[in-house]
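Before any comments, here is the structure.
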Amino acid sequence: MKTKSSGKFISIFILLFLTNAFEIQAQSSVNLKAGIGVPEWANFAAGIQSENIQFTIGIGSLPFPDDKLFALNGNLYLHMLGDETLLGFYPWYLRSGLTYMKESRPNWIDTYTYLDFRIGKTFYLGDHFTIEADAGIGIELSYKRQEILPSSSFLLIHFPVVPELGVRLVYSINI
């Protein structure tokens with residue numbers, strides 16, 4: 001008897017899940033982003049947004065003659081506050097994710113992984129364009145230095161918590 005009851009519960013759960021999944025899919029958009037920030041540098045990102053939840057992945061770089069910076073990140077946005085009339089979602093958001101950063105210099109290569117926490121706002125520019133601006137902190141999860149040439153660690157300053165900020169132009173495509 002318990003098996004039939006739990007089977008009905010599972011069937012109802014699956015039906016509700018599929019119904020919500022199709023509803024979410026109908027209200028989704030793909031976001032293409034270009035921006036600048038720390039530690040994502042000059043970056044491009046793509047993501048999918050369903051109402052007030054958004055997931056993005058991005059890549060960034062900032063090449064200097066002797067210092068090449070590269071970053072990969074994945075982020076989850078939770079839009080939570082403000083008037084959603086223009087955007088169709090709340091403009092204020094919390095953003096959290098992971099960032100992998102690599103800094104290549106002639107004498108060494110540093111690699112970092114950060115857990116990111118930011119607060120930001122989306123500004124309406126038109127039907128398909130918005131601007132995102134956010135700030136927060138990154139907590140270092142890992143750090144590794146590969147020495148290419150012996151160097152002095154006299155000037156090595158290590159920060160386990162770093163400030164983060166960014167601005168992005170977003171183009172949204174409804175799907």
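Starting from 1 in every chain, residues are counted up; chains themselves are A, B, ... following the order of the structure tokens, and ligands are numbered from 1 as listed.
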Which residues, written as a ChimeraX atom specification, have at least one atom at most 8 Å from Tyr90 of chain A, with only C-alpha atoms counted and residues fewer than 2 positions away on the same chain left out? /A:52,79-84,87-88,92-93
Give the helix (DSSP H, G or I) residues of segment 11-120 of chain A, as DSSP finds them on the backbone, and put them as a list in words. Ser11, Ile12, Phe13, Ile14, Leu15, Leu16, Phe17, Leu18, Thr19, Asn20, Ala21, Phe22, Glu23, Ile24, Gln25 and Ala26 of chain A
Mind writing the picked residues with C-alpha atoms as an mmCIF file, in the first residue's frame?
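Output saved as again.cif:
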data_model
loop_
_atom_site.group_PDB
_atom_site.id
_atom_site.type_symbol
_atom_site.label_atom_id
_atom_site.label_comp_id
_atom_site.auth_asym_id
_atom_site.auth_seq_id
_atom_site.Cartn_x
_atom_site.Cartn_y
_atom_site.Cartn_z
ATOM 1 C CA SER A 11 4.213 11.064 -10.281
ATOM 2 C CA ILE A 12 2.572 14.272 -9.045
ATOM 3 C CA PHE A 13 5.990 15.722 -8.176
ATOM 4 C CA ILE A 14 7.358 14.912 -11.664
ATOM 5 C CA LEU A 15 4.242 16.371 -13.325
ATOM 6 C CA LEU A 16 4.549 19.603 -11.306
ATOM 7 C CA PHE A 17 8.270 19.798 -12.059
ATOM 8 C CA LEU A 18 7.737 19.370 -15.809
ATOM 9 C CA THR A 19 4.884 21.898 -15.809
ATOM 10 C CA ASN A 20 7.098 24.461 -14.059
ATOM 11 C CA ALA A 21 10.062 23.639 -16.321
ATOM 12 C CA PHE A 22 8.033 24.375 -19.454
ATOM 13 C CA GLU A 23 6.656 27.556 -17.887
ATOM 14 C CA ILE A 24 10.175 28.720 -16.976
ATOM 15 C CA GLN A 25 11.445 27.903 -20.463
ATOM 16 C CA ALA A 26 8.711 30.054 -22.015
#
Point out the residue among A:Ile131, A:Ile148, A:Val162, A:Leu69 with the least atom-to-atom distance to Arg118 of chain A, counting only C-alpha atoms. A:Val162
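Excluding segment 100-112 of chain A itself and same-chain residues fewer than 6 positions from it, the residues having an atom within 6 Å of it are Asp66, Asp67, Lys68, Leu69, Phe70, Ala71, Leu72, Ser142, Tyr143, Lys144, Arg145, Gln146, Glu147, Ile148 and Leu149 of chain A, counting only C-alpha atoms.
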Suppose we keep N, CA and C atoms; can you now write the selection as a tab-separated table (two decimals), in the first residue's frame?
chain	number	residue	atom	x	y	z
A	66	ASP	N	54.27	42.95	-20.14
A	66	ASP	CA	54.94	42.00	-19.25
A	66	ASP	C	54.00	41.32	-18.26
A	67	ASP	N	52.72	41.56	-18.37
A	67	ASP	CA	51.77	41.01	-17.40
A	67	ASP	C	50.49	40.64	-18.14
A	68	LYS	N	50.23	39.35	-18.27
A	68	LYS	CA	49.03	38.89	-18.96
A	68	LYS	C	48.06	38.32	-17.94
A	69	LEU	N	46.86	38.88	-17.92
A	69	LEU	CA	45.83	38.47	-16.97
A	69	LEU	C	44.72	37.74	-17.72
A	70	PHE	N	44.26	36.62	-17.16
A	70	PHE	CA	43.21	35.81	-17.77
A	70	PHE	C	42.26	35.36	-16.66
A	71	ALA	N	40.95	35.34	-16.96
A	71	ALA	CA	39.98	34.92	-15.95
A	71	ALA	C	38.83	34.14	-16.58
A	72	LEU	N	38.34	33.16	-15.85
A	72	LEU	CA	37.11	32.42	-16.16
A	72	LEU	C	36.20	32.53	-14.95
A	142	SER	N	42.05	29.28	-3.39
A	142	SER	CA	43.34	28.64	-3.67
A	142	SER	C	44.28	29.64	-4.32
A	143	TYR	N	45.56	29.40	-4.12
A	143	TYR	CA	46.62	30.22	-4.72
A	143	TYR	C	47.81	29.31	-5.00
A	144	LYS	N	48.40	29.49	-6.18
A	144	LYS	CA	49.58	28.70	-6.54
A	144	LYS	C	50.52	29.59	-7.36
A	145	ARG	N	51.79	29.53	-7.04
A	145	ARG	CA	52.80	30.27	-7.80
A	145	ARG	C	53.77	29.28	-8.42
A	146	GLN	N	53.98	29.45	-9.71
A	146	GLN	CA	54.98	28.66	-10.45
A	146	GLN	C	56.10	29.61	-10.83
A	147	GLU	N	57.28	29.40	-10.27
A	147	GLU	CA	58.42	30.28	-10.57
A	147	GLU	C	59.09	29.83	-11.86
A	148	ILE	N	59.30	30.77	-12.75
A	148	ILE	CA	59.99	30.49	-14.01
A	148	ILE	C	61.47	30.84	-13.84
A	149	LEU	N	61.71	32.00	-13.26
A	149	LEU	CA	63.06	32.43	-12.90
A	149	LEU	C	63.06	32.73	-11.41
Top pick for closest residue to Ile59 of chain A, considering A:Thr99, A:Leu86, A:Pro91, A:Val161 and counting only C-alpha atoms: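 Residue with the minimum atom-to-atom distance to Ile59 of chain A: A:Thr99.
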Just checking: using only C-alpha atoms, which residue out of A:Ile53, A:Leu94, A:Leu62, A:Ala46 ends up closest to Leu169 of chain A?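 Selected residue with least distance to Leu169 of chain A: A:Ala46.
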Between atom CA of Phe117 of chain A and atom CA of Arg95 of chain A, measure the distance and give it in Å to one decimal.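 Straight-line distance from atom CA of Phe117 of chain A to atom CA of Arg95 of chain A works out to 5.9 Å.
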Can you list, as a PyMOL selection string, every residue of segment 4-147 of chain A that DSSP puts in strand (DSSP E or B)? chain A and resi 28-38+41-50+53-63+68-81+92-104+108-124+129-147
For Phe55 of chain A: contacts at 12 Å, only C-alpha atoms, fewer than 4 positions along chain excluded, given as a tab-separated table (two decimals) with N, CA and C atoms, in the first residue's frame:
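Result file follows (result_4.tsv):
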chain	number	residue	atom	x	y	z
A	28	SER	N	12.10	32.59	-20.45
A	28	SER	CA	13.54	32.73	-20.33
A	28	SER	C	14.11	33.68	-21.37
A	29	SER	N	15.32	34.16	-21.08
A	29	SER	CA	16.05	34.96	-22.05
A	29	SER	C	17.53	34.57	-21.99
A	30	VAL	N	18.20	34.75	-23.11
A	30	VAL	CA	19.64	34.56	-23.19
A	30	VAL	C	20.26	35.94	-23.09
A	31	ASN	N	21.25	36.10	-22.23
A	31	ASN	CA	21.93	37.37	-22.04
A	31	ASN	C	23.36	37.29	-22.56
A	32	LEU	N	23.73	38.21	-23.41
A	32	LEU	CA	25.10	38.35	-23.91
A	32	LEU	C	25.67	39.62	-23.28
A	45	ALA	N	30.57	37.48	-21.51
A	45	ALA	CA	29.86	36.43	-20.78
A	45	ALA	C	28.54	36.14	-21.49
A	46	ALA	N	28.03	34.96	-21.25
A	46	ALA	CA	26.73	34.55	-21.76
A	46	ALA	C	26.00	33.86	-20.64
A	47	GLY	N	24.69	34.01	-20.64
A	47	GLY	CA	23.92	33.38	-19.59
A	47	GLY	C	22.48	33.21	-19.95
A	48	ILE	N	21.78	32.51	-19.09
A	48	ILE	CA	20.35	32.31	-19.26
A	48	ILE	C	19.66	32.86	-18.02
A	49	GLN	N	18.54	33.54	-18.24
A	49	GLN	CA	17.80	34.14	-17.14
A	49	GLN	C	16.35	33.69	-17.24
A	50	SER	N	15.81	33.30	-16.10
A	50	SER	CA	14.41	32.95	-15.99
A	50	SER	C	13.84	33.78	-14.85
A	51	GLU	N	13.06	34.77	-15.20
A	51	GLU	CA	12.50	35.71	-14.24
A	51	GLU	C	13.59	36.32	-13.37
A	73	ASN	N	34.89	32.67	-15.20
A	73	ASN	CA	33.98	32.73	-14.04
A	73	ASN	C	32.62	32.14	-14.37
A	74	GLY	N	31.95	31.72	-13.33
A	74	GLY	CA	30.57	31.26	-13.39
A	74	GLY	C	29.83	31.90	-12.23
A	75	ASN	N	28.64	32.45	-12.51
A	75	ASN	CA	27.92	33.20	-11.48
A	75	ASN	C	26.43	32.88	-11.47
A	76	LEU	N	25.85	32.97	-10.30
A	76	LEU	CA	24.42	32.86	-10.10
A	76	LEU	C	23.93	34.22	-9.59
A	77	TYR	N	22.93	34.78	-10.25
A	77	TYR	CA	22.33	36.04	-9.86
A	77	TYR	C	20.95	35.76	-9.26
A	78	LEU	N	20.65	36.41	-8.15
A	78	LEU	CA	19.32	36.36	-7.57
A	78	LEU	C	18.79	37.80	-7.52
A	79	HIS	N	17.88	38.14	-8.43
A	79	HIS	CA	17.28	39.48	-8.48
A	79	HIS	C	16.20	39.53	-7.42
A	94	LEU	N	21.75	39.99	-5.93
A	94	LEU	CA	22.92	39.40	-5.27
A	94	LEU	C	23.56	38.48	-6.29
A	95	ARG	N	24.86	38.51	-6.37
A	95	ARG	CA	25.60	37.69	-7.34
A	95	ARG	C	26.67	36.91	-6.59
A	96	SER	N	26.73	35.62	-6.85
A	96	SER	CA	27.75	34.79	-6.22
A	96	SER	C	28.26	33.80	-7.25
A	97	GLY	N	29.53	33.45	-7.13
A	97	GLY	CA	30.09	32.50	-8.08
A	97	GLY	C	31.55	32.21	-7.80
A	98	LEU	N	32.18	31.58	-8.79
A	98	LEU	CA	33.60	31.24	-8.71
A	98	LEU	C	34.35	31.92	-9.84
Å distance separating atom CA of Lys33 of chain A from atom CA of Val170 of chain A, one decimal place: 4.5 Å
One number please: atom CA of Ile173 of chain A to atom CA of Glu40 of chain A, in Å, one decimal.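 Here the two named atoms are 23.1 Å from each other.
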Measuring atom to atom with only C-alpha atoms, identify which of A:Ala34, A:Val167, A:Leu115, A:Ala133 is nearest to Gly60 of chain A.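 Between A:Ala34, A:Val167, A:Leu115, A:Ala133, the residue approaching Gly60 of chain A most closely is A:Ala34.
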Using only C-alpha atoms, find the one residue out of A:Ser172, A:Gly166, A:Thr113, A:Leu125 that sits nearest to Trp41 of chain A.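 Among A:Ser172, A:Gly166, A:Thr113, A:Leu125, it is A:Gly166 that comes nearest to Trp41 of chain A.
Taking only C-alpha atoms into account, Arg168 of chain A lies nearest to A:Thr130 out of the set A:Thr130, A:Pro150, A:Ile57, A:Phe89.
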